[in-house]
file data.txt (compact mmCIF, C-alpha atoms)
# COMPACT_ATOMS: atom_id res chain seq x y z
CA MET A 1 1.55 119.81 11.42
CA GLY A 2 4.97 120.28 13.07
CA ALA A 3 5.92 123.19 15.29
CA ASP A 4 8.01 124.77 12.50
CA GLU A 5 5.07 124.69 10.10
CA ALA A 6 2.76 126.16 12.74
CA TRP A 7 5.15 129.08 13.24
CA ALA A 8 5.47 129.61 9.46
CA ARG A 9 1.67 129.76 9.28
CA LYS A 10 1.58 132.33 12.07
CA ILE A 11 4.13 134.39 10.14
CA ARG A 12 2.02 134.24 6.96
CA HIS A 13 -0.99 135.41 8.94
CA LEU A 14 0.98 138.31 10.46
CA LEU A 15 2.35 139.33 7.05
CA ALA A 16 -1.05 139.16 5.33
CA GLU A 17 -2.62 141.23 8.08
CA SER A 18 -0.02 143.97 7.73
CA GLU A 19 0.48 143.62 3.95
CA VAL A 20 4.19 143.00 4.32
CA THR A 21 6.26 140.89 1.89
CA LEU A 22 8.97 138.65 3.32
CA LEU A 23 12.10 137.63 1.38
CA ASN A 24 14.60 135.03 2.61
CA LEU A 25 18.24 135.57 1.53
CA ILE A 26 20.34 132.40 1.74
CA GLY A 27 24.00 131.84 0.89
CA ALA A 28 27.30 130.50 2.18
CA PRO A 29 29.40 132.44 4.71
CA GLY A 30 31.18 135.17 2.80
CA SER A 31 28.95 134.95 -0.28
CA GLY A 32 28.27 138.68 0.09
CA LYS A 33 24.74 138.77 1.52
CA THR A 34 25.35 141.68 3.90
CA THR A 35 27.25 143.70 1.33
CA LEU A 36 24.46 143.09 -1.20
CA LEU A 37 21.93 144.41 1.34
CA GLU A 38 24.12 147.43 2.10
CA LYS A 39 24.15 148.31 -1.60
CA THR A 40 20.45 147.47 -2.02
CA ALA A 41 19.40 149.72 0.86
CA SER A 42 19.35 153.22 -0.63
CA ARG A 43 18.04 152.10 -4.04
CA LEU A 44 15.26 149.98 -2.52
CA GLY A 45 14.46 152.65 0.07
CA ARG A 46 13.40 154.98 -2.74
CA ARG A 47 10.76 152.45 -3.84
CA LEU A 48 9.36 150.96 -0.64
CA ARG A 49 9.67 150.87 3.13
CA PHE A 50 11.69 147.90 4.33
CA ALA A 51 13.52 146.42 7.30
CA VAL A 52 16.09 143.64 7.66
CA LEU A 53 16.20 140.68 10.04
CA GLU A 54 19.82 139.60 10.49
CA GLY A 55 20.28 135.91 11.30
CA ASP A 56 23.61 134.88 12.78
CA VAL A 57 25.09 132.18 14.97
CA GLU A 58 26.89 134.82 17.04
CA THR A 59 27.81 138.55 17.04
CA THR A 60 25.86 141.62 15.93
CA ILE A 61 28.41 142.64 13.27
CA ASP A 62 25.94 142.40 10.38
CA ALA A 63 23.17 144.31 12.18
CA GLU A 64 25.64 147.11 12.88
CA ARG A 65 26.58 147.24 9.20
CA MET A 66 22.88 147.58 8.30
CA ARG A 67 22.34 150.31 10.89
CA ALA A 68 25.37 152.19 9.52
CA VAL A 69 23.62 152.52 6.14
CA GLY A 70 20.40 153.67 7.80
CA VAL A 71 18.41 150.44 7.58
CA ARG A 72 15.95 149.45 10.29
CA VAL A 73 17.29 146.11 11.50
CA SER A 74 16.73 143.46 14.13
CA GLN A 75 19.39 140.89 15.05
CA LEU A 76 18.37 137.27 15.57
CA LEU A 77 20.97 134.97 17.15
CA THR A 78 20.54 131.22 16.74
CA GLY A 79 23.04 130.33 19.46
CA GLY A 80 24.74 127.68 17.36
CA ALA A 81 21.89 126.50 15.11
CA CYS A 82 22.69 126.44 11.39
CA HIS A 83 19.48 128.16 10.19
CA LEU A 84 16.79 130.57 11.41
CA PRO A 85 13.78 128.68 12.76
CA ALA A 86 10.35 130.17 11.97
CA ARG A 87 9.75 130.71 15.69
CA LEU A 88 12.70 133.11 15.86
CA VAL A 89 11.68 134.91 12.65
CA HIS A 90 8.19 135.38 14.10
CA ARG A 91 9.69 136.94 17.21
CA GLY A 92 11.79 139.28 15.04
CA LEU A 93 8.79 140.31 12.95
CA ALA A 94 6.66 140.93 16.03
CA GLY A 95 9.33 143.39 17.21
CA LEU A 96 9.13 145.46 13.99
CA PRO A 97 6.59 148.22 13.27
CA LEU A 98 4.99 146.16 10.47
CA THR A 99 2.23 148.69 9.73
CA GLU A 100 4.96 151.14 8.68
CA LEU A 101 6.66 148.63 6.35
CA ASP A 102 6.15 147.10 2.90
CA MET A 103 8.86 144.48 3.05
CA VAL A 104 11.12 142.59 5.42
CA ILE A 105 14.27 140.93 4.10
CA VAL A 106 15.72 138.10 6.18
CA GLU A 107 19.45 137.52 5.91
CA ASN A 108 19.63 133.90 6.96
CA VAL A 109 22.60 132.25 8.70
CA GLY A 110 25.59 131.76 6.36
CA ASN A 111 24.94 128.24 5.12
CA LEU A 112 24.08 126.68 1.74
CA ILE A 113 22.37 123.62 3.21
CA CYS A 114 20.21 123.94 6.34
CA PRO A 115 18.24 127.17 5.65
CA ALA A 116 16.98 125.81 2.30
CA GLU A 117 14.89 123.18 4.07
CA PHE A 118 12.96 125.48 6.38
CA ASP A 119 9.84 127.46 5.53
CA ILE A 120 9.82 130.77 7.39
CA GLY A 121 6.68 132.08 5.71
CA GLU A 122 8.65 133.90 3.01
CA LYS A 123 7.22 134.90 -0.36
CA ALA A 124 10.50 133.94 -2.03
CA LYS A 125 13.88 132.45 -1.23
CA VAL A 126 16.85 134.14 -2.88
CA ALA A 127 20.14 132.24 -3.29
CA VAL A 128 23.34 134.29 -3.06
CA LEU A 129 26.41 132.74 -4.67
CA SER A 130 29.76 134.46 -5.06
CA VAL A 131 31.87 133.82 -8.16
CA ALA A 132 34.75 133.07 -5.77
CA GLU A 133 32.89 129.92 -4.69
CA GLY A 134 32.90 128.01 -7.98
CA ASP A 135 30.45 127.48 -10.85
CA GLU A 136 29.59 123.89 -9.84
CA LYS A 137 27.95 124.87 -6.54
CA PRO A 138 24.35 124.59 -7.84
CA LEU A 139 25.06 120.91 -8.62
CA LYS A 140 26.66 120.24 -5.25
CA TYR A 141 23.99 122.01 -3.17
CA PRO A 142 20.86 121.60 -5.32
CA ALA A 143 18.24 121.88 -2.56
CA LEU A 144 18.61 125.66 -2.25
CA PHE A 145 18.65 126.27 -6.00
CA ARG A 146 15.53 124.12 -6.39
CA GLU A 147 13.71 126.22 -3.77
CA ALA A 148 14.97 129.67 -4.77
CA SER A 149 12.98 132.09 -6.96
CA ALA A 150 16.11 134.04 -7.82
CA VAL A 151 19.88 133.72 -7.68
CA VAL A 152 22.28 136.61 -7.19
CA LEU A 153 25.77 135.90 -8.53
CA THR A 154 27.88 138.28 -6.47
CA LYS A 155 31.45 139.65 -6.70
CA THR A 156 31.45 139.55 -10.51
CA ASP A 157 34.33 142.06 -10.37
CA LEU A 158 36.46 139.04 -9.30
CA LEU A 159 35.71 137.11 -12.53
CA PRO A 160 39.09 137.99 -14.14
CA TYR A 161 40.92 136.48 -11.13
CA VAL A 162 38.97 133.28 -10.38
CA GLN A 163 38.01 130.14 -12.28
CA PHE A 164 34.27 130.62 -12.68
CA ASP A 165 32.48 129.81 -15.93
CA VAL A 166 29.33 131.97 -15.86
CA ALA A 167 27.76 130.14 -18.82
CA ALA A 168 28.32 126.76 -17.14
CA CYS A 169 26.83 128.04 -13.89
CA LEU A 170 23.75 129.34 -15.72
CA ARG A 171 23.38 125.96 -17.47
CA HIS A 172 23.51 124.17 -14.08
CA LEU A 173 20.94 126.57 -12.61
CA ARG A 174 18.52 126.28 -15.54
CA ARG A 175 18.78 122.48 -15.48
CA ILE A 176 17.68 122.55 -11.83
CA GLN A 177 15.03 125.20 -12.42
CA PRO A 178 14.37 126.50 -15.98
CA GLU A 179 12.47 129.63 -14.87
CA ILE A 180 14.88 130.90 -12.23
CA SER A 181 15.83 134.62 -12.32
CA VAL A 182 19.58 135.25 -12.22
CA PHE A 183 21.25 138.57 -11.43
CA GLN A 184 24.98 139.13 -11.96
CA VAL A 185 26.00 141.75 -9.46
CA SER A 186 29.13 143.55 -8.33
CA ALA A 187 28.63 145.50 -5.13
CA LYS A 188 32.07 147.00 -5.76
CA ASP A 189 31.32 148.70 -9.10
CA GLY A 190 27.51 148.67 -8.90
CA ALA A 191 26.97 146.44 -11.96
CA GLY A 192 23.62 144.64 -12.00
CA LEU A 193 22.27 146.32 -8.86
CA GLU A 194 19.42 148.18 -10.60
CA ASP A 195 17.94 145.00 -12.14
CA TRP A 196 18.21 143.19 -8.83
CA VAL A 197 16.51 145.99 -6.88
CA ALA A 198 13.75 146.21 -9.50
CA TRP A 199 13.09 142.47 -9.03
CA VAL A 200 13.03 142.86 -5.25
CA SER A 201 10.55 145.72 -5.38
CA ARG A 202 8.32 143.76 -7.79
CA GLN A 203 7.95 141.06 -5.13
CA HIS A 204 5.77 143.48 -3.16
CA PRO A 205 2.38 143.39 -4.86
CA GLY A 206 1.20 146.95 -4.37
CA LYS A 207 1.60 150.19 -2.57
CA ARG A 208 -0.61 151.37 0.20
CA PRO A 209 -2.17 154.83 0.42
CA GLY A 210 0.36 157.39 1.44
CA GLN A 211 3.14 155.76 -0.59
CA GLY A 212 4.30 157.74 -3.59
CA MET B 1 27.21 107.63 25.28
CA GLY B 2 25.32 108.60 22.13
CA ALA B 3 25.43 106.72 18.86
CA ASP B 4 27.72 109.38 17.31
CA GLU B 5 30.23 109.06 20.14
CA ALA B 6 30.12 105.27 19.88
CA TRP B 7 30.97 105.46 16.17
CA ALA B 8 33.77 107.98 16.84
CA ARG B 9 35.21 105.51 19.37
CA LYS B 10 35.05 102.70 16.83
CA ILE B 11 36.91 104.92 14.38
CA ARG B 12 39.64 105.69 16.94
CA HIS B 13 40.02 101.98 17.56
CA LEU B 14 40.28 101.23 13.82
CA LEU B 15 42.84 104.02 13.33
CA ALA B 16 44.98 102.97 16.31
CA GLU B 17 44.98 99.38 15.13
CA SER B 18 46.19 100.35 11.67
CA GLU B 19 48.38 103.29 12.78
CA VAL B 20 46.55 105.72 10.55
CA THR B 21 46.15 109.44 11.32
CA LEU B 22 42.82 111.11 10.48
CA LEU B 23 42.48 114.82 9.66
CA ASN B 24 39.13 116.59 9.28
CA LEU B 25 39.06 119.51 6.80
CA ILE B 26 36.16 121.90 7.40
CA GLY B 27 35.19 125.10 5.56
CA ALA B 28 32.37 126.91 3.77
CA PRO B 29 31.28 125.93 0.26
CA GLY B 30 33.82 127.39 -2.14
CA SER B 31 36.46 128.02 0.52
CA GLY B 32 38.90 126.00 -1.58
CA LYS B 33 39.10 122.68 0.29
CA THR B 34 39.22 120.47 -2.81
CA THR B 35 41.71 122.71 -4.61
CA LEU B 36 43.90 122.74 -1.49
CA LEU B 37 43.85 118.93 -1.47
CA GLU B 38 44.65 118.78 -5.19
CA LYS B 39 47.73 120.93 -4.58
CA THR B 40 48.62 119.07 -1.39
CA ALA B 41 48.50 115.67 -3.09
CA SER B 42 51.83 115.37 -4.89
CA ARG B 43 53.83 117.14 -2.15
CA LEU B 44 52.28 115.05 0.64
CA GLY B 45 52.54 111.88 -1.42
CA ARG B 46 56.34 112.19 -1.30
CA ARG B 47 56.25 112.07 2.51
CA LEU B 48 53.52 109.58 3.39
CA ARG B 49 50.81 107.32 2.01
CA PHE B 50 47.40 108.93 2.21
CA ALA B 51 43.81 108.72 0.99
CA VAL B 52 40.92 111.18 0.97
CA LEU B 53 37.30 110.74 2.07
CA GLU B 54 35.13 113.23 0.18
CA GLY B 55 32.01 114.32 2.04
CA ASP B 56 29.25 115.90 -0.03
CA VAL B 57 25.52 116.42 0.04
CA GLU B 58 25.29 115.31 -3.59
CA THR B 59 27.44 114.58 -6.68
CA THR B 60 30.86 112.91 -7.03
CA ILE B 61 32.52 115.99 -8.56
CA ASP B 62 35.10 116.34 -5.78
CA ALA B 63 36.03 112.65 -5.75
CA GLU B 64 36.61 112.80 -9.50
CA ARG B 65 38.90 115.81 -9.02
CA MET B 66 40.92 113.84 -6.45
CA ARG B 67 41.13 110.78 -8.73
CA ALA B 68 42.34 113.02 -11.56
CA VAL B 69 45.42 113.97 -9.51
CA GLY B 70 46.07 110.34 -8.62
CA VAL B 71 44.73 110.33 -5.07
CA ARG B 72 43.02 107.27 -3.63
CA VAL B 73 39.56 108.56 -2.73
CA SER B 74 36.19 107.39 -1.45
CA GLN B 75 33.03 109.49 -1.86
CA LEU B 76 30.60 109.76 1.06
CA LEU B 77 27.19 111.26 0.30
CA THR B 78 25.13 112.58 3.18
CA GLY B 79 21.89 112.75 1.20
CA GLY B 80 21.02 116.22 2.47
CA ALA B 81 22.69 116.26 5.90
CA CYS B 82 24.93 119.24 6.61
CA HIS B 83 27.89 117.29 8.04
CA LEU B 84 29.50 113.85 7.89
CA PRO B 85 28.29 111.65 10.74
CA ALA B 86 30.90 109.35 12.35
CA ARG B 87 28.92 106.32 11.18
CA LEU B 88 29.45 107.29 7.54
CA VAL B 89 33.15 108.09 8.09
CA HIS B 90 33.59 104.65 9.69
CA ARG B 91 32.03 103.04 6.62
CA GLY B 92 34.37 105.04 4.36
CA LEU B 93 37.44 104.04 6.40
CA ALA B 94 36.43 100.39 6.44
CA GLY B 95 36.42 100.49 2.64
CA LEU B 96 40.03 101.74 2.44
CA PRO B 97 43.15 99.53 2.57
CA LEU B 98 44.20 101.06 5.93
CA THR B 99 47.24 98.83 6.40
CA GLU B 100 48.70 100.44 3.26
CA LEU B 101 48.10 104.01 4.49
CA ASP B 102 49.60 106.49 6.97
CA MET B 103 46.89 109.13 6.80
CA VAL B 104 43.31 109.74 5.76
CA ILE B 105 42.11 113.29 5.14
CA VAL B 106 38.38 113.88 5.34
CA GLU B 107 36.99 116.75 3.29
CA ASN B 108 33.82 117.47 5.20
CA VAL B 109 30.60 118.87 3.72
CA GLY B 110 30.92 122.57 2.77
CA ASN B 111 29.63 124.23 5.92
CA LEU B 112 31.17 126.42 8.63
CA ILE B 113 28.69 125.42 11.32
CA CYS B 114 27.47 121.82 11.56
CA PRO B 115 30.70 119.82 11.00
CA ALA B 116 32.46 121.67 13.84
CA GLU B 117 30.20 120.06 16.42
CA PHE B 118 30.77 116.44 15.46
CA ASP B 119 33.65 114.22 16.56
CA ILE B 120 34.57 111.80 13.78
CA GLY B 121 37.57 110.36 15.61
CA GLU B 122 39.99 112.79 13.95
CA LYS B 123 43.40 113.72 15.35
CA ALA B 124 42.86 117.34 14.29
CA LYS B 125 40.25 119.56 12.71
CA VAL B 126 41.55 122.03 10.11
CA ALA B 127 39.52 125.14 9.26
CA VAL B 128 39.70 126.37 5.67
CA LEU B 129 38.80 130.03 5.13
CA SER B 130 39.13 131.88 1.84
CA VAL B 131 40.14 135.54 1.83
CA ALA B 132 37.12 136.16 -0.40
CA GLU B 133 34.88 135.34 2.59
CA GLY B 134 35.85 138.21 4.89
CA ASP B 135 38.21 138.65 7.84
CA GLU B 136 35.44 138.70 10.46
CA LYS B 137 34.35 135.09 9.86
CA PRO B 138 36.21 133.67 12.92
CA LEU B 139 34.08 135.97 15.12
CA LYS B 140 30.83 135.04 13.38
CA TYR B 141 31.45 131.27 13.35
CA PRO B 142 33.64 130.77 16.44
CA ALA B 143 32.78 127.11 17.14
CA LEU B 144 34.94 125.80 14.29
CA PHE B 145 37.89 128.07 15.09
CA ARG B 146 37.73 127.05 18.75
CA GLU B 147 37.93 123.37 17.76
CA ALA B 148 40.48 123.62 14.96
CA SER B 149 44.19 122.88 15.42
CA ALA B 150 45.07 124.81 12.27
CA VAL B 151 43.57 127.34 9.90
CA VAL B 152 44.38 127.57 6.20
CA LEU B 153 43.71 131.01 4.73
CA THR B 154 43.21 130.19 1.06
CA LYS B 155 43.14 132.21 -2.18
CA THR B 156 45.67 134.76 -0.89
CA ASP B 157 46.31 135.68 -4.55
CA LEU B 158 42.91 137.47 -4.36
CA LEU B 159 44.07 139.79 -1.52
CA PRO B 160 44.66 142.77 -3.87
CA TYR B 161 41.05 142.54 -5.09
CA VAL B 162 39.04 141.89 -1.91
CA GLN B 163 38.55 143.65 1.41
CA PHE B 164 40.33 141.27 3.77
CA ASP B 165 42.56 142.52 6.58
CA VAL B 166 44.95 139.60 7.27
CA ALA B 167 46.25 141.18 10.51
CA ALA B 168 42.68 141.65 11.81
CA CYS B 169 41.81 138.06 10.93
CA LEU B 170 44.90 136.76 12.77
CA ARG B 171 43.95 138.89 15.80
CA HIS B 172 40.44 137.38 15.80
CA LEU B 173 41.84 133.84 15.48
CA ARG B 174 44.41 134.30 18.26
CA ARG B 175 41.76 135.78 20.56
CA ILE B 176 39.68 132.62 20.09
CA GLN B 177 42.71 130.31 20.33
CA PRO B 178 46.17 131.75 21.07
CA GLU B 179 48.09 128.65 19.93
CA ILE B 180 46.38 128.05 16.61
CA SER B 181 48.58 127.39 13.55
CA VAL B 182 47.75 129.58 10.56
CA PHE B 183 48.88 128.98 6.97
CA GLN B 184 48.42 131.59 4.25
CA VAL B 185 48.14 129.68 1.02
CA SER B 186 47.56 130.37 -2.66
CA ALA B 187 46.85 127.22 -4.64
CA LYS B 188 47.18 129.38 -7.77
CA ASP B 189 50.80 130.47 -7.29
CA GLY B 190 51.86 127.83 -4.74
CA ALA B 191 52.63 130.29 -1.92
CA GLY B 192 52.52 128.74 1.56
CA LEU B 193 51.93 125.19 0.35
CA GLU B 194 55.26 123.80 1.62
CA ASP B 195 54.66 124.97 5.22
CA TRP B 196 51.13 123.61 5.15
CA VAL B 197 52.21 120.19 3.82
CA ALA B 198 55.02 120.02 6.42
CA TRP B 199 52.43 120.62 9.17
CA VAL B 200 50.14 117.93 7.73
CA SER B 201 52.91 115.35 7.58
CA ARG B 202 53.97 116.17 11.16
CA GLN B 203 50.48 115.13 12.33
CA HIS B 204 51.43 111.53 11.59
CA PRO B 205 53.62 110.45 14.51
CA GLY B 206 55.99 108.04 12.80
CA LYS B 207 56.75 105.93 9.84
CA ARG B 208 56.35 102.22 9.68
CA PRO B 209 58.97 99.78 8.45
CA GLY B 210 59.22 99.84 4.69
CA GLN B 211 58.63 103.59 4.48
CA GLY B 212 61.62 105.67 3.35

call {"tool": "encode", "arguments": {"input": "data.txt", "output": "structure tokens"}}
result
Amino acid sequence: MGADEAWARKIRHLLAESEVTLLNLIGAPGSGKTTLLEKTASRLGRRLRFAVLEGDVETTIDAERMRAVGVRVSQLLTGGACHLPARLVHRGLAGLPLTELDMVIVENVGNLICPAEFDIGEKAKVAVLSVAEGDEKPLKYPALFREASAVVLTKTDLLPYVQFDVAACLRHLRRIQPEISVFQVSAKDGAGLEDWVAWVSRQHPGKRPGQG
Amino acid sequence: MGADEAWARKIRHLLAESEVTLLNLIGAPGSGKTTLLEKTASRLGRRLRFAVLEGDVETTIDAERMRAVGVRVSQLLTGGACHLPARLVHRGLAGLPLTELDMVIVENVGNLICPAEFDIGEKAKVAVLSVAEGDEKPLKYPALFREASAVVLTKTDLLPYVQFDVAACLRHLRRIQPEISVFQVSAKDGAGLEDWVAWVSRQHPGKRPGQG
């Protein structure tokens, strides 16, 4: 067992102990991961207690954006690496008050390739793809879409202005993985957010005493 | 000297011998690299003889797009790797009729992180950033913008519909690298393409006998 796998196992142990569900959000730079989390925050906060681990190569810009919408957040900097290693995620989790949480959402480093290959002990990987990126991306970067439990198509408000065939994209996704959940979301006008948040909250198996 | 550096040196030797200039185009998935090359093709083809090396994780979609606009192209597949290694670029170059060319443009794998770190013997790295990605990207992924000789801001036709502060982005870029060349381009309406193509053709130092 490699060091990465050992750390992922430690994370699973930590999560099981504290009954916390971990989601791993993966997408290209600028696919809209942080904005999606900003818009998810208040809706999800009404259903469960969650925190965010922000993975970045450099800067704390995204963590500050999370804090500004009242989300408990921890910034993880990879110092150049193109994905979050499980060791770093474990350190981030250990710094959170896990007994007071139901869920932790990791925003991985902006990258469609590297983060897909690494297990960080998550319950589910979620692929984030903006309609500005092109409908053929699932074919060109299949590893992530093979691993992901759900795909969020973001920035759907841009559909009138870009060449993106939603039906073709869905066909590509379903060919890679017939059962994949797909959410079409616009953070700008709020479309699709409720369905997405409902899916997220369903990933957490149950509520603990004290939770409404 | 590592194996990568040795291959980069071999590439430089090959290029010098055949008087070919190599450019390395780097940007996130969906930043518009292939579309930029499609629109660059006919304009650049009037000034010099060039070919494209398409770097992808999987599929030959981008190479087919290049062929469709009459560009001589070779597809390099990394089989999962997040950047083109110099060894693979050397193989691609060796398969081209270099004595009949002035320039080879590499479209690297869609990724803002990994390709920035690898020397493939290029004369210049060019960063491609779409305005749909966000104006703070140079701060979050500084390695590429530190290495790049030029930046192409693509999809400027989307500016009315996205939150992207061009002046802020230029400030970030100039803080990282005061002398960097920036081109604001819309492949859709053609804006900025002439300046960009003029810069590309200036990267090739001279014409050989027989060229107009």

call {"tool": "atom_distance", "arguments": {"input": "data.txt", "atom1": "atom CA of A:Lys140", "atom2": "atom CA of A:Leu173"}}
result
11.3 Å

call {"tool": "closest_residue", "arguments": {"input": "data.txt", "among": "B:Glu133, B:Asp4, B:Glu19, B:Asp119", "to": "A:Thr34", "atoms": "all atoms listed in the file"}}
result
B:Glu133

call {"tool": "closest_residue", "arguments": {"input": "data.txt", "among": "B:Thr40, B:Ser31, B:Ser201, B:Asn108", "to": "chain A", "atoms": "all atoms listed in the file"}}
result
B:Ser31

call {"tool": "residues_around", "arguments": {"input": "data.txt", "residues": "A:Thr59", "least_positions_apart": "4", "cutoff": "9 Å", "atoms": "only C-alpha atoms", "output": "compact mmCIF listing (two decimals) with C-alpha atoms, in the coordinates of the input"}}
result
# COMPACT_ATOMS: atom_id res chain seq x y z
CA ALA A 63 23.17 144.31 12.18
CA GLN A 75 19.39 140.89 15.05
CA LEU A 77 20.97 134.97 17.15
CA LEU B 139 34.08 135.97 15.12
CA LYS B 140 30.83 135.04 13.38
CA TYR B 141 31.45 131.27 13.35

call {"tool": "closest_atom_pairs", "arguments": {"input": "data.txt", "of": "chain A", "to": "chain B", "cutoff": "10 Å", "atoms": "only C-alpha atoms", "output": "tab-separated table"}}
result
residue	atom	partner	partner_atom	distance
A:Gly27	CA	B:Pro29	CA	9.4
A:Ala28	CA	B:Pro29	CA	6.4
A:Pro29	CA	B:Ala28	CA	6.3
A:Gly30	CA	B:Glu133	CA	3.7
A:Ser31	CA	B:Glu133	CA	6.6
A:Gly32	CA	B:Glu133	CA	7.8
A:Asp56	CA	B:Lys140	CA	7.2
A:Val57	CA	B:Lys140	CA	6.6
A:Glu58	CA	B:Lys140	CA	5.4
A:Thr59	CA	B:Lys140	CA	5.9
A:Thr60	CA	B:Lys140	CA	8.6
A:Ile61	CA	B:Lys140	CA	8.0
A:Asp62	CA	B:Lys140	CA	9.3
A:Gly80	CA	B:Ile113	CA	7.6
A:Ala81	CA	B:Ile113	CA	7.9
A:Cys82	CA	B:Ile113	CA	6.1
A:His83	CA	B:Ile113	CA	9.7
A:Val109	CA	B:Ile113	CA	9.5
A:Gly110	CA	B:Leu112	CA	8.1
A:Asn111	CA	B:Asn111	CA	6.2
A:Leu112	CA	B:Asn111	CA	7.4
A:Ile113	CA	B:Cys82	CA	6.1
A:Cys114	CA	B:Cys82	CA	6.7
A:Glu117	CA	B:Gly80	CA	9.4
A:Leu129	CA	B:Gly30	CA	9.5
A:Ser130	CA	B:Gly30	CA	8.7
A:Val131	CA	B:Gly30	CA	9.0
A:Ala132	CA	B:Ala132	CA	6.6
A:Glu133	CA	B:Gly30	CA	3.7
A:Gly134	CA	B:Gly30	CA	5.9
A:Asp135	CA	B:Gly30	CA	9.3
A:Glu136	CA	B:Ile61	CA	8.5
A:Lys137	CA	B:Pro29	CA	7.6
A:Leu139	CA	B:Thr59	CA	7.0
A:Lys140	CA	B:Glu58	CA	5.4
A:Tyr141	CA	B:Val57	CA	6.6
A:Pro142	CA	B:Glu58	CA	7.9
A:Ala143	CA	B:Gly80	CA	8.1
A:Lys155	CA	B:Ala132	CA	9.2
A:Asp157	CA	B:Tyr161	CA	8.6
A:Leu158	CA	B:Tyr161	CA	7.1
A:Tyr161	CA	B:Leu158	CA	7.1
A:Val162	CA	B:Leu158	CA	8.3
A:Lys188	CA	B:Val162	CA	9.5

call {"tool": "closest_residue", "arguments": {"input": "data.txt", "among": "A:Ala187, A:Val182, A:Val166, A:Ala16", "to": "A:Glu122", "atoms": "only C-alpha atoms"}}
result
A:Ala16

call {"tool": "residues_around", "arguments": {"input": "data.txt", "residues": "A:Met66", "least_positions_apart": "4", "cutoff": "9 Å", "atoms": "only C-alpha atoms", "output": "list in words"}}
result
Thr34, Leu37, Glu38, Ala41, Val52, Glu54, Ile61, Asp62, Gly70, Val71, Arg72 and Val73 of chain A

call {"tool": "atom_distance", "arguments": {"input": "data.txt", "atom1": "atom CA of B:Ile105", "atom2": "atom CA of B:Leu36"}}
result
11.7 Å

call {"tool": "atom_distance", "arguments": {"input": "data.txt", "atom1": "atom CA of B:Phe183", "atom2": "atom CA of B:Leu53"}}
result
22.2 Å

call {"tool": "closest_residue", "arguments": {"input": "data.txt", "among": "A:Pro205, A:Pro178, A:Pro160, A:Gly121", "to": "A:Arg9", "atoms": "all atoms listed in the file"}}
result
A:Gly121

call {"tool": "closest_residue", "arguments": {"input": "data.txt", "among": "A:Leu101, A:Ala6, A:Glu64, A:Gly55", "to": "A:Ser18", "atoms": "only C-alpha atoms"}}
result
A:Leu101

call {"tool": "residues_around", "arguments": {"input": "data.txt", "residues": "B:Trp7", "least_positions_apart": "4", "cutoff": "7 Å", "atoms": "only C-alpha atoms", "output": "PyMOL selection string"}}
result
chain B and resi 3+11+86-87

call {"tool": "residues_near_point", "arguments": {"input": "data.txt", "point": "(52.6, 130.1, 1.5)", "cutoff": "12 Å", "atoms": "all atoms listed in the file", "output": "ChimeraX atom specification"}}
result
/B:36,152-157,182-198

call {"tool": "axis_aligned_box", "arguments": {"input": "data.txt", "around": "stretch 35-53 of chain A", "padding_each_side": "8 Å", "output": "lines of an AutoDock Vina configuration file"}}
result
center_x = 18.3
center_y = 147.8
center_z = 3.0
size_x = 33.9
size_y = 30.3
size_z = 30.1

call {"tool": "closest_residue", "arguments": {"input": "data.txt", "among": "B:Ala116, B:Cys169, B:Ala127, B:Leu98", "to": "B:Glu17", "atoms": "all atoms listed in the file"}}
result
B:Leu98
